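Source file: protein-v9.txt (compact mmCIF, C-alpha atoms)
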# COMPACT_ATOMS: atom_id res chain seq x y z
CA MET G 1 36.07 77.40 113.43
CA ARG G 2 38.70 75.41 111.59
CA THR G 3 36.14 73.96 109.19
CA ALA G 4 33.82 76.99 109.05
CA LEU G 5 36.19 79.44 107.35
CA ALA G 6 37.35 79.67 103.73
CA TRP G 7 41.09 79.29 104.25
CA LYS G 8 43.52 80.53 101.60
CA GLN G 9 47.23 80.07 101.17
CA PRO G 10 48.39 83.28 99.50
CA GLN G 11 51.40 83.47 97.23
CA LEU G 12 53.93 85.95 98.65
CA ARG G 13 56.71 87.79 96.87
CA LEU G 14 59.89 87.46 98.97
CA PHE G 15 63.37 88.40 97.87
CA GLY G 16 62.37 88.29 94.20
CA ARG G 17 60.67 84.88 94.42
CA THR G 18 57.03 83.87 94.69
CA VAL G 19 56.39 81.39 97.51
CA ALA G 20 53.33 79.97 99.26
CA ALA G 21 52.68 81.53 102.66
CA PRO G 22 53.79 79.09 105.38
CA ARG G 23 50.29 79.04 106.94
CA LEU G 24 46.65 79.35 105.90
CA GLU G 25 44.75 82.64 106.21
CA ALA G 26 41.23 84.04 106.26
CA TRP G 27 40.26 87.75 106.34
CA HIS G 28 36.89 88.92 107.69
CA GLY G 29 35.53 92.34 108.47
CA ASP G 30 33.28 95.25 107.73
CA PRO G 31 32.68 96.23 104.10
CA GLY G 32 35.54 98.49 102.99
CA ALA G 33 37.99 97.14 105.58
CA GLY G 34 40.38 95.91 102.87
CA TYR G 35 44.01 95.54 103.79
CA ARG G 36 47.22 95.36 101.75
CA TYR G 37 50.30 93.55 102.97
CA SER G 38 53.05 91.47 101.38
CA GLY G 39 52.09 93.06 98.07
CA LEU G 40 48.59 91.52 98.14
CA ASN G 41 45.14 93.06 98.52
CA HIS G 42 42.93 91.34 101.06
CA ASP G 43 39.22 92.11 100.83
CA PRO G 44 37.22 90.94 103.84
CA ALA G 45 34.63 88.20 103.84
CA PRO G 46 31.58 89.06 105.98
CA TRP G 47 31.70 88.49 109.73
CA THR G 48 30.40 85.11 110.92
CA PRO G 49 28.25 85.05 114.08
CA LEU G 50 31.13 83.50 116.06
CA LEU G 51 33.64 86.11 114.85
CA LEU G 52 31.21 88.92 115.75
CA THR G 53 30.83 87.51 119.27
CA LEU G 54 34.60 87.25 119.68
CA ARG G 55 35.07 90.82 118.37
CA GLU G 56 32.53 92.21 120.86
CA ARG G 57 34.19 90.44 123.80
CA ILE G 58 37.68 91.49 122.78
CA GLU G 59 36.60 95.10 122.22
CA ARG G 60 35.29 95.18 125.81
CA VAL G 61 38.46 93.67 127.26
CA SER G 62 40.89 95.76 125.19
CA ASN G 63 38.89 99.00 125.24
CA ALA G 64 39.50 99.37 121.50
CA ARG G 65 37.39 99.16 118.34
CA TYR G 66 38.05 96.67 115.53
CA ASN G 67 36.55 96.43 112.04
CA SER G 68 38.44 93.37 110.78
CA VAL G 69 40.24 90.21 111.75
CA LEU G 70 43.09 88.35 110.08
CA ILE G 71 42.93 84.68 111.03
CA ASN G 72 46.00 82.49 110.63
CA LEU G 73 45.87 78.71 110.79
CA TYR G 74 49.17 77.15 111.79
CA ARG G 75 48.57 73.49 110.91
CA ASP G 76 51.58 72.32 112.92
CA GLY G 77 55.04 73.53 113.91
CA GLY G 78 56.14 73.64 110.26
CA ASP G 79 53.87 76.65 109.69
CA SER G 80 55.22 80.02 110.74
CA ASN G 81 55.18 83.78 110.28
CA GLY G 82 58.47 85.57 109.63
CA TRP G 83 59.79 88.69 111.33
CA HIS G 84 57.52 91.65 110.56
CA ALA G 85 55.66 94.61 112.01
CA ASP G 86 52.03 95.40 111.32
CA ASP G 87 52.94 98.94 110.32
CA GLU G 88 50.99 99.40 107.09
CA ARG G 89 49.53 102.85 106.50
CA GLU G 90 45.93 101.52 106.65
CA LEU G 91 46.42 100.66 110.34
CA GLY G 92 47.34 104.20 111.40
CA PRO G 93 50.46 105.36 113.27
CA GLU G 94 49.77 103.50 116.56
CA PRO G 95 47.43 100.59 115.86
CA ALA G 96 45.76 98.50 118.53
CA ILE G 97 45.96 94.82 117.61
CA ALA G 98 44.37 92.13 119.76
CA SER G 99 45.79 88.66 119.13
CA LEU G 100 43.71 85.69 120.34
CA SER G 101 45.35 82.24 120.30
CA LEU G 102 43.32 79.03 120.11
CA GLY G 103 44.80 75.55 120.08
CA THR G 104 48.30 74.35 120.79
CA ALA G 105 50.76 76.72 122.48
CA ARG G 106 53.28 78.47 120.24
CA ARG G 107 56.27 80.72 120.84
CA PHE G 108 55.86 84.41 119.93
CA LEU G 109 59.04 86.46 119.72
CA LEU G 110 59.43 90.24 119.78
CA ARG G 111 62.68 91.95 118.71
CA HIS G 112 63.35 95.64 119.31
CA ARG G 113 64.27 97.49 116.13
CA ALA G 114 66.90 99.73 117.76
CA ASP G 115 68.93 97.40 119.96
CA ALA G 116 67.77 93.86 119.01
CA THR G 117 66.51 93.13 122.54
CA GLN G 118 64.38 90.01 122.26
CA VAL G 119 61.37 88.91 124.30
CA GLU G 120 59.72 85.47 124.14
CA ILE G 121 56.09 84.85 125.09
CA VAL G 122 54.44 81.43 124.97
CA LEU G 123 50.91 81.98 123.70
CA GLU G 124 48.72 79.34 125.34
CA ASP G 125 45.25 78.24 124.25
CA GLY G 126 42.83 81.08 125.00
CA SER G 127 45.50 83.73 125.58
CA LEU G 128 44.96 87.31 124.43
CA LEU G 129 47.96 89.48 123.57
CA LEU G 130 47.34 93.22 123.13
CA MET G 131 49.80 95.21 121.04
CA ARG G 132 49.19 98.95 121.01
CA GLY G 133 50.87 102.33 121.08
CA ARG G 134 54.32 102.31 119.50
CA THR G 135 54.68 98.50 119.50
CA GLN G 136 54.60 98.20 115.69
CA GLN G 137 56.98 101.16 115.27
CA CYS G 138 59.56 99.90 117.76
CA TRP G 139 59.31 96.10 117.57
CA LYS G 140 59.09 93.30 115.02
CA HIS G 141 57.50 89.95 115.85
CA THR G 142 57.46 86.36 114.59
CA VAL G 143 55.90 82.95 115.18
CA PRO G 144 58.89 80.70 114.40
CA LYS G 145 58.82 77.13 113.14
CA GLU G 146 58.83 74.53 115.93
CA ARG G 147 59.61 70.97 114.83
CA ARG G 148 58.14 69.37 117.95
CA VAL G 149 54.72 71.00 117.59
CA ARG G 150 52.32 68.53 115.98
CA ASP G 151 48.93 70.15 116.62
CA PRO G 152 47.19 73.15 115.03
CA ARG G 153 46.82 76.68 116.33
CA ILE G 154 44.42 79.35 115.15
CA ASN G 155 45.42 82.96 115.75
CA LEU G 156 42.93 85.79 115.30
CA THR G 157 44.36 89.31 115.07
CA PHE G 158 41.65 91.92 115.45
CA ARG G 159 42.52 95.35 114.09
CA TYR G 160 41.01 98.58 112.80
CA VAL G 161 41.72 99.26 109.13
CA PHE G 162 41.26 102.82 107.96
CA PRO G 163 39.56 103.15 104.54
CA ARG G 164 41.95 103.53 101.60
Show me this structure written as structure tokens.
Amino acid sequence: MRTALAWKQPQLRLFGRTVAAPRLEAWHGDPGAGYRYSGLNHDPAPWTPLLLTLRERIERVSNARYNSVLINLYRDGGDSNGWHADDERELGPEPAIASLSLGTARRFLLRHRADATQVEIVLEDGSLLLMRGRTQQCWKHTVPKERRVRDPRINLTFRYVFPR
């Protein structure tokens, strides 16, 4: 999968500066499943046969429907994803997001918005994390930098994007 996708490194606007995202990304999905986050529009590339197979399996396991997938490539522990919630309007008020991890294990942190309670989960190769209900309303999450991690990780987050 690492060589089969057209990876991009978007330029993000953070705190008045433009910076390269600290990871590579690919967006695939149904026609019209465009998504806007970090001030950028992301129009999906068509599903590949492998991504369609993964979507079907994850839909069965999670009992949810997905029309798109955001794929992040963390090349090593220097790549990361800052604190955020997937709470964009296009995802609806209580989105179901299925996060499949492939490759080296990475830490995934959740922080409650109200009281700053923090939870750490180590996402191993092949693990599937389901976030649904009020998760995005009540919690933020991050994949922090980890200096000791030398190997890549691919993370696929399947989601349903409502048409704009």
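Atom to atom, atom CA of G:Leu102 and atom CA of G:Val161 stand 23.1 Å apart.
Using only C-alpha atoms, the residues found no farther than 12 Å from G:Asn41, other than those of its own chain fewer than 5 positions away, are Pro10, Gln11, Leu12, Trp27, Gly32, Ala33, Gly34, Tyr35, Arg36, Glu90 and Arg164 of chain G.
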For atom CA of G:Thr117 and atom CA of G:Gly82, the interatomic separation in Å (one decimal): 17.0 Å
G:Asp87 environment, 7 Å, all atoms listed in the file, sequence neighbours closer than 3 positions dropped, as a PyMOL selection string: chain G and resi 91+136-137
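Among the candidates G:Pro152, G:Pro22, G:Pro44, G:Gly16, the residue lying nearest to G:Asn81 is G:Pro22 (atoms considered: all atoms listed in the file).
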Could you work out an axis-aligned bounding box for all listed atoms of stretch 126-131 of chain G, with 4 Å added on each of the six sides, and give its centre and edge lengths in Å to one decimal, as JSON?
{"center_x": 46.3, "center_y": 88.1, "center_z": 123.3, "size_x": 15.0, "size_y": 22.1, "size_z": 12.5}
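Using all atoms listed in the file, the smallest distance between any of G:Thr48, G:Leu129, G:Arg153, G:Gly39 and G:Thr18 comes from G:Gly39.
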Write out as JSON lines the residues of stretch 20-134 of chain G that have any atom within 9 Å of an atom of stretch 140-147 of chain G, one row each with the nearest atom pair and its distance in Å to one decimal, counting only C-alpha atoms, sorted by chain and then rising number.
{"residue": "G:Asp76", "atom": "CA", "partner": "G:Glu146", "partner_atom": "CA", "distance": 8.2}
{"residue": "G:Gly77", "atom": "CA", "partner": "G:Glu146", "partner_atom": "CA", "distance": 4.4}
{"residue": "G:Gly78", "atom": "CA", "partner": "G:Lys145", "partner_atom": "CA", "distance": 5.3}
{"residue": "G:Asp79", "atom": "CA", "partner": "G:Lys145", "partner_atom": "CA", "distance": 6.1}
{"residue": "G:Ser80", "atom": "CA", "partner": "G:Lys145", "partner_atom": "CA", "distance": 5.2}
{"residue": "G:Asn81", "atom": "CA", "partner": "G:Val143", "partner_atom": "CA", "distance": 5.0}
{"residue": "G:Gly82", "atom": "CA", "partner": "G:Thr142", "partner_atom": "CA", "distance": 5.1}
{"residue": "G:Trp83", "atom": "CA", "partner": "G:Thr142", "partner_atom": "CA", "distance": 4.6}
{"residue": "G:His84", "atom": "CA", "partner": "G:Lys140", "partner_atom": "CA", "distance": 5.0}
{"residue": "G:Ala85", "atom": "CA", "partner": "G:Lys140", "partner_atom": "CA", "distance": 4.7}
{"residue": "G:Asp86", "atom": "CA", "partner": "G:Lys140", "partner_atom": "CA", "distance": 8.2}
{"residue": "G:Arg106", "atom": "CA", "partner": "G:Val143", "partner_atom": "CA", "distance": 7.2}
{"residue": "G:Arg107", "atom": "CA", "partner": "G:Val143", "partner_atom": "CA", "distance": 6.1}
{"residue": "G:Phe108", "atom": "CA", "partner": "G:Val143", "partner_atom": "CA", "distance": 5.0}
{"residue": "G:Leu109", "atom": "CA", "partner": "G:Thr142", "partner_atom": "CA", "distance": 5.4}
{"residue": "G:Leu110", "atom": "CA", "partner": "G:His141", "partner_atom": "CA", "distance": 4.4}
{"residue": "G:Arg111", "atom": "CA", "partner": "G:Lys140", "partner_atom": "CA", "distance": 5.3}
{"residue": "G:His112", "atom": "CA", "partner": "G:Lys140", "partner_atom": "CA", "distance": 6.5}
{"residue": "G:Arg113", "atom": "CA", "partner": "G:Lys140", "partner_atom": "CA", "distance": 6.8}
Given all atoms listed in the file as the counted atoms, nearest of G:Phe15, G:Pro163, G:Leu5, G:Trp139 to G:Arg89: G:Pro163
Distance criterion (only C-alpha atoms): nearest to G:Arg65 out of G:Gly103, G:Pro46, G:Pro31, G:Pro95: G:Pro95
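Straight-line separation from atom CA of G:Glu120 to atom CA of G:Val69: 23.6 Å.
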Shell around G:Met1 at 9 Å using only C-alpha atoms, local window under 2 positions removed, as a PyMOL selection string: chain G and resi 3-5+50+154
File dump, residues just selected, C-alpha atoms, as a short mmCIF file (atom, residue, chain, number, x, y, z; two decimals), keeping the file's coordinate frame:
data_model
loop_
_atom_site.label_atom_id
_atom_site.label_comp_id
_atom_site.auth_asym_id
_atom_site.auth_seq_id
_atom_site.Cartn_x
_atom_site.Cartn_y
_atom_site.Cartn_z
CA THR G 3 36.14 73.96 109.19
CA ALA G 4 33.82 76.99 109.05
CA LEU G 5 36.19 79.44 107.35
CA LEU G 50 31.13 83.50 116.06
CA ILE G 154 44.42 79.35 115.15
#
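Counting all atoms listed in the file, the residue from G:Leu52, G:Ala26, G:Ala105, G:Ala21 that sits nearest to G:Arg148 is G:Ala105.
Counting all atoms listed in the file, the residue from G:Asp115, G:Lys8, G:Ile121, G:Ile97 that sits nearest to G:Ile58 is G:Ile97.
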